[in-house]
$ cat input.pdb   # PDB, C-alpha atoms and all ligand atoms
ATOM      1  CA  MET U 212       0.000   0.000   0.000  1.00  0.00           C
ATOM      2  CA  PRO U 213       1.211   3.568  -0.529  1.00  0.00           C
ATOM      3  CA  HIS U 214       2.705   4.983   2.680  1.00  0.00           C
ATOM      4  CA  ASN U 215       0.164   7.779   2.850  1.00  0.00           C
ATOM      5  CA  THR U 216      -3.079   5.836   2.437  1.00  0.00           C
ATOM      6  CA  THR U 217      -6.013   5.444   4.815  1.00  0.00           C
ATOM      7  CA  ASP U 218      -6.021   5.313   8.567  1.00  0.00           C
ATOM      8  CA  SER U 219      -8.587   2.600   9.368  1.00  0.00           C
ATOM      9  CA  GLN U 220     -10.266   4.884  11.958  1.00  0.00           C
ATOM     10  CA  GLU U 221     -11.254   7.368   9.254  1.00  0.00           C
ATOM     11  CA  ALA U 222     -14.207   7.451   6.886  1.00  0.00           C
ATOM     12  CA  PRO U 223     -13.293   6.495   3.312  1.00  0.00           C
ATOM     13  CA  PHE U 224     -11.917   8.912   0.740  1.00  0.00           C
ATOM     14  CA  ILE U 225     -13.444   8.226  -2.696  1.00  0.00           C
ATOM     15  CA  VAL U 226     -12.247   9.784  -5.959  1.00  0.00           C
ATOM     16  CA  ILE U 227     -14.007   9.768  -9.315  1.00  0.00           C
ATOM     17  CA  GLU U 228     -11.830  10.431 -12.352  1.00  0.00           C
ATOM     18  CA  GLY U 229     -12.111  10.565 -16.098  1.00  0.00           C
ATOM     19  CA  LEU U 230     -11.883  12.587 -19.279  1.00  0.00           C
ATOM     20  CA  ASP U 231     -13.982  15.717 -19.666  1.00  0.00           C
ATOM     21  CA  GLY U 232     -17.546  14.597 -20.404  1.00  0.00           C
ATOM     22  CA  ALA U 233     -17.112  11.167 -18.776  1.00  0.00           C
ATOM     23  CA  GLY U 234     -19.918  11.910 -16.307  1.00  0.00           C
ATOM     24  CA  GLY U 235     -17.830  12.139 -13.141  1.00  0.00           C
ATOM     25  CA  THR U 236     -19.728  15.105 -11.723  1.00  0.00           C
ATOM     26  CA  THR U 237     -23.103  13.379 -12.188  1.00  0.00           C
ATOM     27  CA  GLN U 238     -21.807  10.187 -10.575  1.00  0.00           C
ATOM     28  CA  CYS U 239     -20.413  12.101  -7.586  1.00  0.00           C
ATOM     29  CA  ARG U 240     -23.825  13.672  -7.013  1.00  0.00           C
ATOM     30  CA  LEU U 241     -25.685  10.342  -7.302  1.00  0.00           C
ATOM     31  CA  LEU U 242     -23.220   8.590  -5.004  1.00  0.00           C
ATOM     32  CA  GLN U 243     -23.561  11.312  -2.394  1.00  0.00           C
ATOM     33  CA  SER U 244     -27.370  10.949  -2.359  1.00  0.00           C
ATOM     34  CA  TRP U 245     -27.132   7.172  -2.174  1.00  0.00           C
ATOM     35  CA  LEU U 246     -24.680   7.227   0.735  1.00  0.00           C
ATOM     36  CA  GLU U 247     -26.788   9.811   2.572  1.00  0.00           C
ATOM     37  CA  ARG U 248     -29.870   7.645   2.114  1.00  0.00           C
ATOM     38  CA  HIS U 249     -27.877   4.917   3.882  1.00  0.00           C
ATOM     39  CA  GLY U 250     -27.212   7.188   6.819  1.00  0.00           C
ATOM     40  CA  HIS U 251     -23.687   8.336   6.022  1.00  0.00           C
ATOM     41  CA  SER U 252     -22.424  11.840   6.451  1.00  0.00           C
ATOM     42  CA  VAL U 253     -20.926  12.833   3.076  1.00  0.00           C
ATOM     43  CA  LEU U 254     -18.847  15.706   1.754  1.00  0.00           C
ATOM     44  CA  SER U 255     -18.843  16.086  -2.014  1.00  0.00           C
ATOM     45  CA  THR U 256     -16.002  18.189  -3.335  1.00  0.00           C
ATOM     46  CA  ASN U 257     -13.964  18.771  -6.479  1.00  0.00           C
ATOM     47  CA  GLU U 258     -10.708  19.961  -8.018  1.00  0.00           C
ATOM     48  CA  PRO U 259      -9.890  22.577  -9.035  1.00  0.00           C
ATOM     49  CA  THR U 260     -11.503  23.859  -5.837  1.00  0.00           C
ATOM     50  CA  GLY U 261     -13.503  27.039  -5.303  1.00  0.00           C
ATOM     51  CA  GLN U 262     -10.740  28.337  -2.982  1.00  0.00           C
ATOM     52  CA  PRO U 263      -8.389  31.138  -4.117  1.00  0.00           C
ATOM     53  CA  VAL U 264      -5.821  28.966  -5.940  1.00  0.00           C
ATOM     54  CA  GLY U 265      -8.510  26.798  -7.530  1.00  0.00           C
ATOM     55  CA  THR U 266     -10.469  29.843  -8.659  1.00  0.00           C
ATOM     56  CA  PHE U 267      -7.336  31.247 -10.278  1.00  0.00           C
ATOM     57  CA  ILE U 268      -6.702  27.894 -12.008  1.00  0.00           C
ATOM     58  CA  ARG U 269     -10.243  27.945 -13.447  1.00  0.00           C
ATOM     59  CA  SER U 270      -9.628  31.400 -14.878  1.00  0.00           C
ATOM     60  CA  VAL U 271      -6.404  30.137 -16.481  1.00  0.00           C
ATOM     61  CA  LEU U 272      -8.213  27.129 -18.011  1.00  0.00           C
ATOM     62  CA  GLN U 273     -10.862  29.418 -19.468  1.00  0.00           C
ATOM     63  CA  ASP U 274      -8.464  32.018 -20.886  1.00  0.00           C
ATOM     64  CA  PRO U 275      -7.139  31.026 -24.317  1.00  0.00           C
ATOM     65  CA  HIS U 276      -4.524  33.815 -24.037  1.00  0.00           C
ATOM     66  CA  SER U 277      -3.324  32.943 -20.523  1.00  0.00           C
ATOM     67  CA  LYS U 278       0.402  33.457 -20.004  1.00  0.00           C
ATOM     68  CA  VAL U 279       0.477  30.818 -17.245  1.00  0.00           C
ATOM     69  CA  GLY U 280       2.629  28.021 -18.644  1.00  0.00           C
ATOM     70  CA  ASP U 281       2.154  24.285 -18.189  1.00  0.00           C
ATOM     71  CA  GLU U 282       4.840  23.874 -15.527  1.00  0.00           C
ATOM     72  CA  VAL U 283       3.424  26.688 -13.389  1.00  0.00           C
ATOM     73  CA  LEU U 284      -0.040  25.196 -13.834  1.00  0.00           C
ATOM     74  CA  ALA U 285       1.229  21.851 -12.476  1.00  0.00           C
ATOM     75  CA  TYR U 286       2.497  23.631  -9.350  1.00  0.00           C
ATOM     76  CA  LEU U 287      -0.795  25.515  -9.034  1.00  0.00           C
ATOM     77  CA  PHE U 288      -2.803  22.291  -9.127  1.00  0.00           C
ATOM     78  CA  ALA U 289      -0.500  20.866  -6.431  1.00  0.00           C
ATOM     79  CA  ALA U 290      -0.935  24.015  -4.300  1.00  0.00           C
ATOM     80  CA  ASP U 291      -4.708  23.834  -4.687  1.00  0.00           C
ATOM     81  CA  ARG U 292      -4.589  20.150  -3.684  1.00  0.00           C
ATOM     82  CA  GLN U 293      -2.576  20.921  -0.553  1.00  0.00           C
ATOM     83  CA  ASP U 294      -5.166  23.542   0.392  1.00  0.00           C
ATOM     84  CA  HIS U 295      -7.993  21.127  -0.445  1.00  0.00           C
ATOM     85  CA  LEU U 296      -6.533  18.404   1.775  1.00  0.00           C
ATOM     86  CA  THR U 297      -5.767  20.533   4.799  1.00  0.00           C
ATOM     87  CA  ARG U 298      -8.814  22.773   4.659  1.00  0.00           C
ATOM     88  CA  THR U 299     -11.488  20.328   3.525  1.00  0.00           C
ATOM     89  CA  ILE U 300     -10.667  16.649   2.980  1.00  0.00           C
ATOM     90  CA  LEU U 301      -8.663  15.645   6.061  1.00  0.00           C
ATOM     91  CA  PRO U 302     -10.906  17.419   8.626  1.00  0.00           C
ATOM     92  CA  ALA U 303     -13.985  15.764   7.096  1.00  0.00           C
ATOM     93  CA  LEU U 304     -12.430  12.284   7.112  1.00  0.00           C
ATOM     94  CA  SER U 305     -11.417  12.601  10.734  1.00  0.00           C
ATOM     95  CA  SER U 306     -14.939  13.594  11.710  1.00  0.00           C
ATOM     96  CA  ASP U 307     -16.277  10.390  10.127  1.00  0.00           C
ATOM     97  CA  THR U 308     -17.567  12.056   6.982  1.00  0.00           C
ATOM     98  CA  VAL U 309     -17.173  10.155   3.708  1.00  0.00           C
ATOM     99  CA  VAL U 310     -15.397  12.373   1.151  1.00  0.00           C
ATOM    100  CA  ILE U 311     -16.144  12.102  -2.576  1.00  0.00           C
ATOM    101  CA  SER U 312     -13.815  14.156  -4.769  1.00  0.00           C
ATOM    102  CA  ASP U 313     -14.565  14.881  -8.408  1.00  0.00           C
ATOM    103  CA  ARG U 314     -10.924  14.654  -9.653  1.00  0.00           C
ATOM    104  CA  TYR U 315      -7.702  14.484  -7.619  1.00  0.00           C
ATOM    105  CA  TYR U 316      -4.007  13.955  -8.363  1.00  0.00           C
ATOM    106  CA  HIS U 317      -4.794  11.389 -11.072  1.00  0.00           C
ATOM    107  CA  SER U 318      -5.985  14.324 -13.203  1.00  0.00           C
ATOM    108  CA  SER U 319      -2.644  16.068 -12.735  1.00  0.00           C
ATOM    109  CA  LEU U 320      -0.812  12.887 -13.727  1.00  0.00           C
ATOM    110  CA  ALA U 321      -2.972  12.509 -16.844  1.00  0.00           C
ATOM    111  CA  TYR U 322      -3.340  16.151 -17.959  1.00  0.00           C
ATOM    112  CA  GLN U 323      -0.101  17.846 -16.858  1.00  0.00           C
ATOM    113  CA  SER U 324       2.047  15.004 -18.229  1.00  0.00           C
ATOM    114  CA  LEU U 325       0.820  15.974 -21.699  1.00  0.00           C
ATOM    115  CA  SER U 326       3.562  18.559 -21.876  1.00  0.00           C
ATOM    116  CA  LEU U 327       5.689  17.738 -18.812  1.00  0.00           C
ATOM    117  CA  ASP U 328       7.678  14.691 -17.821  1.00  0.00           C
ATOM    118  CA  PHE U 329       5.423  12.119 -16.100  1.00  0.00           C
ATOM    119  CA  ASP U 330       7.955  11.552 -13.289  1.00  0.00           C
ATOM    120  CA  PHE U 331       8.129  15.287 -12.564  1.00  0.00           C
ATOM    121  CA  VAL U 332       4.330  15.463 -12.159  1.00  0.00           C
ATOM    122  CA  ALA U 333       4.338  12.250 -10.115  1.00  0.00           C
ATOM    123  CA  GLN U 334       6.996  13.656  -7.735  1.00  0.00           C
ATOM    124  CA  LEU U 335       4.962  16.835  -7.219  1.00  0.00           C
ATOM    125  CA  ASN U 336       2.036  14.684  -6.104  1.00  0.00           C
ATOM    126  CA  VAL U 337       3.836  12.131  -3.940  1.00  0.00           C
ATOM    127  CA  PRO U 338       3.075  13.982  -0.663  1.00  0.00           C
ATOM    128  CA  PHE U 339      -0.700  13.780  -1.057  1.00  0.00           C
ATOM    129  CA  ARG U 340      -2.754  11.157   0.745  1.00  0.00           C
ATOM    130  CA  ALA U 341      -3.905   8.354  -1.554  1.00  0.00           C
ATOM    131  CA  PRO U 342      -7.662   7.792  -1.871  1.00  0.00           C
ATOM    132  CA  ASP U 343      -9.194   4.591  -0.498  1.00  0.00           C
ATOM    133  CA  ILE U 344     -10.776   3.926  -3.875  1.00  0.00           C
ATOM    134  CA  THR U 345     -10.566   5.661  -7.247  1.00  0.00           C
ATOM    135  CA  ILE U 346     -13.204   5.033  -9.909  1.00  0.00           C
ATOM    136  CA  PHE U 347     -11.987   5.730 -13.447  1.00  0.00           C
ATOM    137  CA  LEU U 348     -14.750   6.398 -15.968  1.00  0.00           C
ATOM    138  CA  LEU U 349     -13.214   5.373 -19.280  1.00  0.00           C
ATOM    139  CA  LEU U 350     -14.309   7.047 -22.473  1.00  0.00           C
ATOM    140  CA  GLU U 351     -13.065   7.273 -26.057  1.00  0.00           C
ATOM    141  CA  PRO U 352     -11.640  10.761 -26.707  1.00  0.00           C
ATOM    142  CA  GLU U 353     -14.014  11.246 -29.663  1.00  0.00           C
ATOM    143  CA  THR U 354     -17.018  10.657 -27.367  1.00  0.00           C
ATOM    144  CA  SER U 355     -15.503  12.928 -24.726  1.00  0.00           C
ATOM    145  CA  PHE U 356     -15.057  15.721 -27.270  1.00  0.00           C
ATOM    146  CA  ALA U 357     -18.592  15.286 -28.650  1.00  0.00           C
ATOM    147  CA  ARG U 358     -20.051  15.511 -25.113  1.00  0.00           C
ATOM    148  CA  VAL U 359     -17.995  18.599 -24.301  1.00  0.00           C
ATOM    149  CA  GLN U 360     -19.182  20.284 -27.498  1.00  0.00           C
ATOM    150  CA  GLU U 361     -22.822  19.414 -26.719  1.00  0.00           C
ATOM    151  CA  ARG U 362     -22.597  21.558 -23.574  1.00  0.00           C
ATOM    152  CA  GLY U 363     -22.360  24.611 -25.829  1.00  0.00           C
ATOM    153  CA  LEU U 364     -19.912  26.342 -23.445  1.00  0.00           C
ATOM    154  CA  PRO U 365     -16.598  27.893 -24.508  1.00  0.00           C
ATOM    155  CA  LEU U 366     -13.927  25.185 -24.683  1.00  0.00           C
ATOM    156  CA  GLU U 367     -11.303  25.132 -21.904  1.00  0.00           C
ATOM    157  CA  ARG U 368      -7.531  24.616 -22.198  1.00  0.00           C
ATOM    158  CA  PHE U 369      -7.565  20.807 -22.544  1.00  0.00           C
ATOM    159  CA  GLU U 370     -10.780  20.462 -24.507  1.00  0.00           C
ATOM    160  CA  THR U 371      -9.473  19.856 -28.027  1.00  0.00           C
ATOM    161  CA  LEU U 372      -9.752  16.494 -29.740  1.00  0.00           C
ATOM    162  CA  ASP U 373      -5.973  16.129 -30.078  1.00  0.00           C
ATOM    163  CA  ARG U 374      -5.383  16.861 -26.412  1.00  0.00           C
ATOM    164  CA  LEU U 375      -8.186  14.572 -25.269  1.00  0.00           C
ATOM    165  CA  ARG U 376      -6.648  11.756 -27.366  1.00  0.00           C
ATOM    166  CA  SER U 377      -3.317  12.216 -25.587  1.00  0.00           C
ATOM    167  CA  ILE U 378      -4.990  12.490 -22.163  1.00  0.00           C
ATOM    168  CA  ALA U 379      -6.983   9.276 -22.782  1.00  0.00           C
ATOM    169  CA  ALA U 380      -3.706   7.446 -23.472  1.00  0.00           C
ATOM    170  CA  SER U 381      -2.135   9.122 -20.457  1.00  0.00           C
ATOM    171  CA  TYR U 382      -4.948   7.867 -18.168  1.00  0.00           C
ATOM    172  CA  ASN U 383      -3.907   4.292 -19.035  1.00  0.00           C
ATOM    173  CA  ARG U 384      -0.415   5.079 -17.778  1.00  0.00           C
ATOM    174  CA  VAL U 385      -1.859   6.670 -14.631  1.00  0.00           C
ATOM    175  CA  ILE U 386      -3.945   3.568 -13.899  1.00  0.00           C
ATOM    176  CA  ASP U 387      -0.873   1.373 -14.274  1.00  0.00           C
ATOM    177  CA  TYR U 388       1.230   3.688 -12.065  1.00  0.00           C
ATOM    178  CA  CYS U 389      -1.410   3.812  -9.311  1.00  0.00           C
ATOM    179  CA  GLN U 390      -1.991   0.059  -9.361  1.00  0.00           C
ATOM    180  CA  LYS U 391       1.750  -0.490  -8.945  1.00  0.00           C
ATOM    181  CA  ARG U 392       1.646   1.847  -5.900  1.00  0.00           C
ATOM    182  CA  GLY U 393      -1.028  -0.415  -4.400  1.00  0.00           C
ATOM    183  CA  GLU U 394      -3.971   1.957  -4.870  1.00  0.00           C
ATOM    184  CA  HIS U 395      -7.486   0.539  -5.086  1.00  0.00           C
ATOM    185  CA  ILE U 396      -8.552   1.279  -8.671  1.00  0.00           C
ATOM    186  CA  VAL U 397     -11.833   0.418 -10.414  1.00  0.00           C
ATOM    187  CA  CYS U 398     -12.274   1.071 -14.154  1.00  0.00           C
ATOM    188  CA  LEU U 399     -15.774   1.428 -15.601  1.00  0.00           C
ATOM    189  CA  ASP U 400     -17.019   1.956 -19.152  1.00  0.00           C
ATOM    190  CA  ALA U 401     -18.398   5.513 -19.221  1.00  0.00           C
ATOM    191  CA  THR U 402     -20.579   4.797 -22.270  1.00  0.00           C
ATOM    192  CA  GLN U 403     -22.974   2.742 -20.114  1.00  0.00           C
ATOM    193  CA  SER U 404     -26.133   4.480 -18.931  1.00  0.00           C
ATOM    194  CA  ILE U 405     -25.948   6.812 -15.930  1.00  0.00           C
ATOM    195  CA  GLU U 406     -27.987   4.289 -13.902  1.00  0.00           C
ATOM    196  CA  GLU U 407     -25.760   1.334 -14.851  1.00  0.00           C
ATOM    197  CA  ILE U 408     -22.617   3.210 -13.884  1.00  0.00           C
ATOM    198  CA  HIS U 409     -24.212   4.371 -10.633  1.00  0.00           C
ATOM    199  CA  ASP U 410     -25.173   0.792  -9.737  1.00  0.00           C
ATOM    200  CA  ARG U 411     -21.639  -0.434 -10.416  1.00  0.00           C
ATOM    201  CA  ILE U 412     -20.166   2.333  -8.287  1.00  0.00           C
ATOM    202  CA  CYS U 413     -22.576   1.567  -5.432  1.00  0.00           C
ATOM    203  CA  SER U 414     -21.625  -2.116  -5.563  1.00  0.00           C
ATOM    204  CA  GLU U 415     -17.939  -1.247  -5.311  1.00  0.00           C
ATOM    205  CA  ILE U 416     -18.463   1.221  -2.476  1.00  0.00           C
ATOM    206  CA  SER U 417     -20.704  -1.147  -0.531  1.00  0.00           C
ATOM    207  CA  LEU U 418     -17.842  -3.672  -0.527  1.00  0.00           C
ATOM    208  CA  LEU U 419     -15.553  -1.018   0.845  1.00  0.00           C
ATOM    209  CA  ILE U 420     -17.778   0.409   3.573  1.00  0.00           C
ATOM    210  CA  ASN U 421     -19.992  -2.567   4.133  1.00  0.00           C
ATOM    211  CA  ILE U 422     -23.455  -1.226   3.369  1.00  0.00           C
ATOM    212  CA  PRO U 423     -26.309  -2.934   1.499  1.00  0.00           C
ATOM    213  CA  GLN U 424     -26.685  -3.101  -2.293  1.00  0.00           C
ATOM    214  CA  PRO U 425     -28.412  -0.130  -4.023  1.00  0.00           C
ATOM    215  CA  LEU U 426     -31.906   0.765  -2.759  1.00  0.00           C
TER     216      LEU U 426
HETATM  217  P1  LIG U 501     -13.934  20.015 -14.818  1.00  0.00           P
HETATM  218  O1  LIG U 501     -14.206  20.768 -13.567  1.00  0.00           O
HETATM  219  O2  LIG U 501     -14.931  20.250 -15.878  1.00  0.00           O
HETATM  220  O3  LIG U 501     -13.641  18.583 -14.584  1.00  0.00           O
HETATM  221  O4  LIG U 501     -12.612  20.685 -15.426  1.00  0.00           O
HETATM  222  C1  LIG U 501     -11.395  20.660 -14.787  1.00  0.00           C
HETATM  223  C2  LIG U 501     -10.343  20.689 -15.864  1.00  0.00           C
HETATM  224  O5  LIG U 501      -9.043  20.777 -15.243  1.00  0.00           O
HETATM  225  C3  LIG U 501     -10.311  19.423 -16.712  1.00  0.00           C
HETATM  226  O6  LIG U 501      -9.994  19.743 -18.057  1.00  0.00           O
HETATM  227  C4  LIG U 501      -9.167  18.636 -16.118  1.00  0.00           C
HETATM  228  C5  LIG U 501      -8.221  19.704 -15.644  1.00  0.00           C
HETATM  229  N1  LIG U 501      -7.374  19.310 -14.514  1.00  0.00           N
HETATM  230  C6  LIG U 501      -6.000  19.229 -14.708  1.00  0.00           C
HETATM  231  O7  LIG U 501      -5.509  19.498 -15.799  1.00  0.00           O
HETATM  232  N2  LIG U 501      -5.225  18.858 -13.651  1.00  0.00           N
HETATM  233  C7  LIG U 501      -5.713  18.587 -12.407  1.00  0.00           C
HETATM  234  O8  LIG U 501      -4.960  18.255 -11.479  1.00  0.00           O
HETATM  235  C8  LIG U 501      -7.151  18.696 -12.228  1.00  0.00           C
HETATM  236  C9  LIG U 501      -7.734  18.416 -10.883  1.00  0.00           C
HETATM  237  C10 LIG U 501      -7.939  19.056 -13.300  1.00  0.00           C
END
$ encode --input "input.pdb" --output "structure tokens" --more "lines below"
Ligand code: TMP
Amino acid sequence: MPHNTTDSQEAPFIVIEGLDGAGGTTQCRLLQSWLERHGHSVLSTNEPTGQPVGTFIRSVLQDPHSKVGDEVLAYLFAADRQDHLTRTILPALSSDTVVISDRYYHSSLAYQSLSLDFDFVAQLNVPFRAPDITIFLLLEPETSFARVQERGLPLERFETLDRLRSIAASYNRVIDYCQKRGEHIVCLDATQSIEEIHDRICSEISLLINIPQPL
């Protein structure tokens, strides 16, 4: 197991990951409701955060003329993650609240290693506590791009078909890297229906925290 993984006294830390348009945000919301219906206290959160560093990152992602380079962005994501852990995630876990994060360091490994050395990004993220389970929603980059376009919003920094193709390949490397570190990884096909994916996620989580199958 990674040295910085769970303390068995704490509530579990769950991460949902995947390409833009993979449905991670929807699945986080559904999982939160399901866990709450089973009597758990749940904190649903996301990266980049809504805290100062995360808010600045979002503005960089949305600005096609941003002068913030890729290496600085990698440090910013790490700074936001440090803030996220100390301010939000760790206090919740120690007060027996299940934490669900929409994206975590796996996104940095997949997205920032597009233009930076994978080992450099991995080293930046070594200090951060590993999740107890990470669900990867796997999607073809063409489907990801089509879903992003359907939103009708301005495209962000990584939302081009070429970049999404590279990030999809990079996620495979991330999965391999995390499995070798002993992380608990579950890969699901993100082209299944929302309900099918939700049911699969609930089954996995109920094994982890010992609660009944979906209501
Ligand atoms: P989202 O909120 O729609 O998921 O968008 C967040 C974007 O930021 C998405 O394109 C992935 C990217 N990202 C990184 O590049 N590195 C990171 O560490 C994180 C958390 C997100």
$ closest_atom_pairs --input "input.pdb" --of "chain U" --to "ligand LIG 501 (chain U)" --cutoff "7 Å" --atoms "all atoms listed in the file" --output "CSV"
residue,atom,partner,partner_atom,distance
U:Asp231,CA,U:LIG501,O3,5.8
U:Glu258,CA,U:LIG501,C9,4.4
U:Pro259,CA,U:LIG501,C9,5.0
U:Leu272,CA,U:LIG501,O5,7.0
U:Phe288,CA,U:LIG501,O8,5.1
U:Arg314,CA,U:LIG501,C9,5.1
U:Tyr315,CA,U:LIG501,C9,5.1
U:Tyr316,CA,U:LIG501,O8,5.4
U:His317,CA,U:LIG501,O8,6.9
U:Ser318,CA,U:LIG501,C7,4.3
U:Ser319,CA,U:LIG501,O8,3.4
U:Tyr322,CA,U:LIG501,O7,4.5
U:Gln323,CA,U:LIG501,O7,5.8
U:Glu367,CA,U:LIG501,O6,6.7
U:Arg368,CA,U:LIG501,O6,6.9
U:Phe369,CA,U:LIG501,O6,5.2
U:Glu370,CA,U:LIG501,O6,6.5
$ closest_residue --input "input.pdb" --among "U:Glu221, U:Glu353, U:Glu282, U:Asp387" --to "Asp307 of chain U" --atoms "all atoms listed in the file"
U:Glu221
$ closest_residue --input "input.pdb" --among "U:Val271, U:Val264, U:Leu241, U:Leu325" --to "Arg384 of chain U" --atoms "only C-alpha atoms"
U:Leu325
$ atom_distance --input "input.pdb" --atom1 "atom CA of Arg374 of chain U" --atom2 "atom CA of Leu230 of chain U"
10.6 Å
$ closest_residue --input "input.pdb" --among "U:Val337, U:Val397, U:Leu254, U:Cys389" --to "Ser414 of chain U" --atoms "all atoms listed in the file"
U:Val397
$ build_atoms --input "input.pdb" --residues "segment 282-300 of chain U" --atoms "N, CA, C and O atoms" --output "PDB file, in the coordinates of the input"
ATOM      1  N   GLU U 282       4.117  24.274 -16.742  1.00  0.00           N
ATOM      2  CA  GLU U 282       4.840  23.874 -15.527  1.00  0.00           C
ATOM      3  C   GLU U 282       4.277  24.609 -14.306  1.00  0.00           C
ATOM      4  O   GLU U 282       4.043  24.010 -13.254  1.00  0.00           O
ATOM      5  N   VAL U 283       4.005  25.900 -14.490  1.00  0.00           N
ATOM      6  CA  VAL U 283       3.424  26.688 -13.389  1.00  0.00           C
ATOM      7  C   VAL U 283       2.040  26.124 -13.051  1.00  0.00           C
ATOM      8  O   VAL U 283       1.673  25.997 -11.871  1.00  0.00           O
ATOM      9  N   LEU U 284       1.301  25.756 -14.075  1.00  0.00           N
ATOM     10  CA  LEU U 284      -0.040  25.196 -13.834  1.00  0.00           C
ATOM     11  C   LEU U 284       0.046  23.906 -13.004  1.00  0.00           C
ATOM     12  O   LEU U 284      -0.771  23.679 -12.103  1.00  0.00           O
ATOM     13  N   ALA U 285       1.061  23.092 -13.261  1.00  0.00           N
ATOM     14  CA  ALA U 285       1.229  21.851 -12.476  1.00  0.00           C
ATOM     15  C   ALA U 285       1.456  22.176 -11.002  1.00  0.00           C
ATOM     16  O   ALA U 285       0.889  21.538 -10.111  1.00  0.00           O
ATOM     17  N   TYR U 286       2.281  23.206 -10.738  1.00  0.00           N
ATOM     18  CA  TYR U 286       2.497  23.631  -9.350  1.00  0.00           C
ATOM     19  C   TYR U 286       1.216  24.204  -8.744  1.00  0.00           C
ATOM     20  O   TYR U 286       0.921  23.999  -7.560  1.00  0.00           O
ATOM     21  N   LEU U 287       0.456  24.934  -9.551  1.00  0.00           N
ATOM     22  CA  LEU U 287      -0.795  25.515  -9.034  1.00  0.00           C
ATOM     23  C   LEU U 287      -1.782  24.411  -8.640  1.00  0.00           C
ATOM     24  O   LEU U 287      -2.421  24.482  -7.587  1.00  0.00           O
ATOM     25  N   PHE U 288      -1.904  23.397  -9.483  1.00  0.00           N
ATOM     26  CA  PHE U 288      -2.803  22.291  -9.127  1.00  0.00           C
ATOM     27  C   PHE U 288      -2.341  21.619  -7.831  1.00  0.00           C
ATOM     28  O   PHE U 288      -3.165  21.239  -6.986  1.00  0.00           O
ATOM     29  N   ALA U 289      -1.015  21.485  -7.663  1.00  0.00           N
ATOM     30  CA  ALA U 289      -0.500  20.866  -6.431  1.00  0.00           C
ATOM     31  C   ALA U 289      -0.792  21.764  -5.224  1.00  0.00           C
ATOM     32  O   ALA U 289      -1.170  21.281  -4.151  1.00  0.00           O
ATOM     33  N   ALA U 290      -0.652  23.083  -5.404  1.00  0.00           N
ATOM     34  CA  ALA U 290      -0.935  24.015  -4.300  1.00  0.00           C
ATOM     35  C   ALA U 290      -2.420  23.964  -3.924  1.00  0.00           C
ATOM     36  O   ALA U 290      -2.784  23.937  -2.739  1.00  0.00           O
ATOM     37  N   ASP U 291      -3.263  23.915  -4.941  1.00  0.00           N
ATOM     38  CA  ASP U 291      -4.708  23.834  -4.687  1.00  0.00           C
ATOM     39  C   ASP U 291      -5.039  22.532  -3.945  1.00  0.00           C
ATOM     40  O   ASP U 291      -5.871  22.504  -3.031  1.00  0.00           O
ATOM     41  N   ARG U 292      -4.341  21.476  -4.316  1.00  0.00           N
ATOM     42  CA  ARG U 292      -4.589  20.150  -3.684  1.00  0.00           C
ATOM     43  C   ARG U 292      -4.164  20.165  -2.224  1.00  0.00           C
ATOM     44  O   ARG U 292      -4.845  19.596  -1.359  1.00  0.00           O
ATOM     45  N   GLN U 293      -3.037  20.813  -1.950  1.00  0.00           N
ATOM     46  CA  GLN U 293      -2.576  20.921  -0.553  1.00  0.00           C
ATOM     47  C   GLN U 293      -3.631  21.659   0.281  1.00  0.00           C
ATOM     48  O   GLN U 293      -3.995  21.244   1.380  1.00  0.00           O
ATOM     49  N   ASP U 294      -4.141  22.748  -0.281  1.00  0.00           N
ATOM     50  CA  ASP U 294      -5.166  23.542   0.392  1.00  0.00           C
ATOM     51  C   ASP U 294      -6.438  22.694   0.586  1.00  0.00           C
ATOM     52  O   ASP U 294      -7.046  22.686   1.664  1.00  0.00           O
ATOM     53  N   HIS U 295      -6.788  21.972  -0.462  1.00  0.00           N
ATOM     54  CA  HIS U 295      -7.993  21.127  -0.445  1.00  0.00           C
ATOM     55  C   HIS U 295      -7.894  20.078   0.666  1.00  0.00           C
ATOM     56  O   HIS U 295      -8.840  19.861   1.431  1.00  0.00           O
ATOM     57  N   LEU U 296      -6.715  19.450   0.762  1.00  0.00           N
ATOM     58  CA  LEU U 296      -6.533  18.404   1.775  1.00  0.00           C
ATOM     59  C   LEU U 296      -6.614  18.973   3.180  1.00  0.00           C
ATOM     60  O   LEU U 296      -7.347  18.450   4.031  1.00  0.00           O
ATOM     61  N   THR U 297      -5.856  20.056   3.418  1.00  0.00           N
ATOM     62  CA  THR U 297      -5.767  20.533   4.799  1.00  0.00           C
ATOM     63  C   THR U 297      -7.033  21.258   5.238  1.00  0.00           C
ATOM     64  O   THR U 297      -7.449  21.152   6.376  1.00  0.00           O
ATOM     65  N   ARG U 298      -7.654  21.966   4.292  1.00  0.00           N
ATOM     66  CA  ARG U 298      -8.814  22.773   4.659  1.00  0.00           C
ATOM     67  C   ARG U 298     -10.107  21.954   4.656  1.00  0.00           C
ATOM     68  O   ARG U 298     -11.000  22.197   5.464  1.00  0.00           O
ATOM     69  N   THR U 299     -10.203  20.980   3.763  1.00  0.00           N
ATOM     70  CA  THR U 299     -11.488  20.328   3.525  1.00  0.00           C
ATOM     71  C   THR U 299     -11.467  18.812   3.740  1.00  0.00           C
ATOM     72  O   THR U 299     -12.255  18.276   4.521  1.00  0.00           O
ATOM     73  N   ILE U 300     -10.574  18.118   3.024  1.00  0.00           N
ATOM     74  CA  ILE U 300     -10.667  16.649   2.980  1.00  0.00           C
ATOM     75  C   ILE U 300     -10.302  16.004   4.323  1.00  0.00           C
ATOM     76  O   ILE U 300     -11.082  15.233   4.881  1.00  0.00           O
TER      77      ILE U 300
END
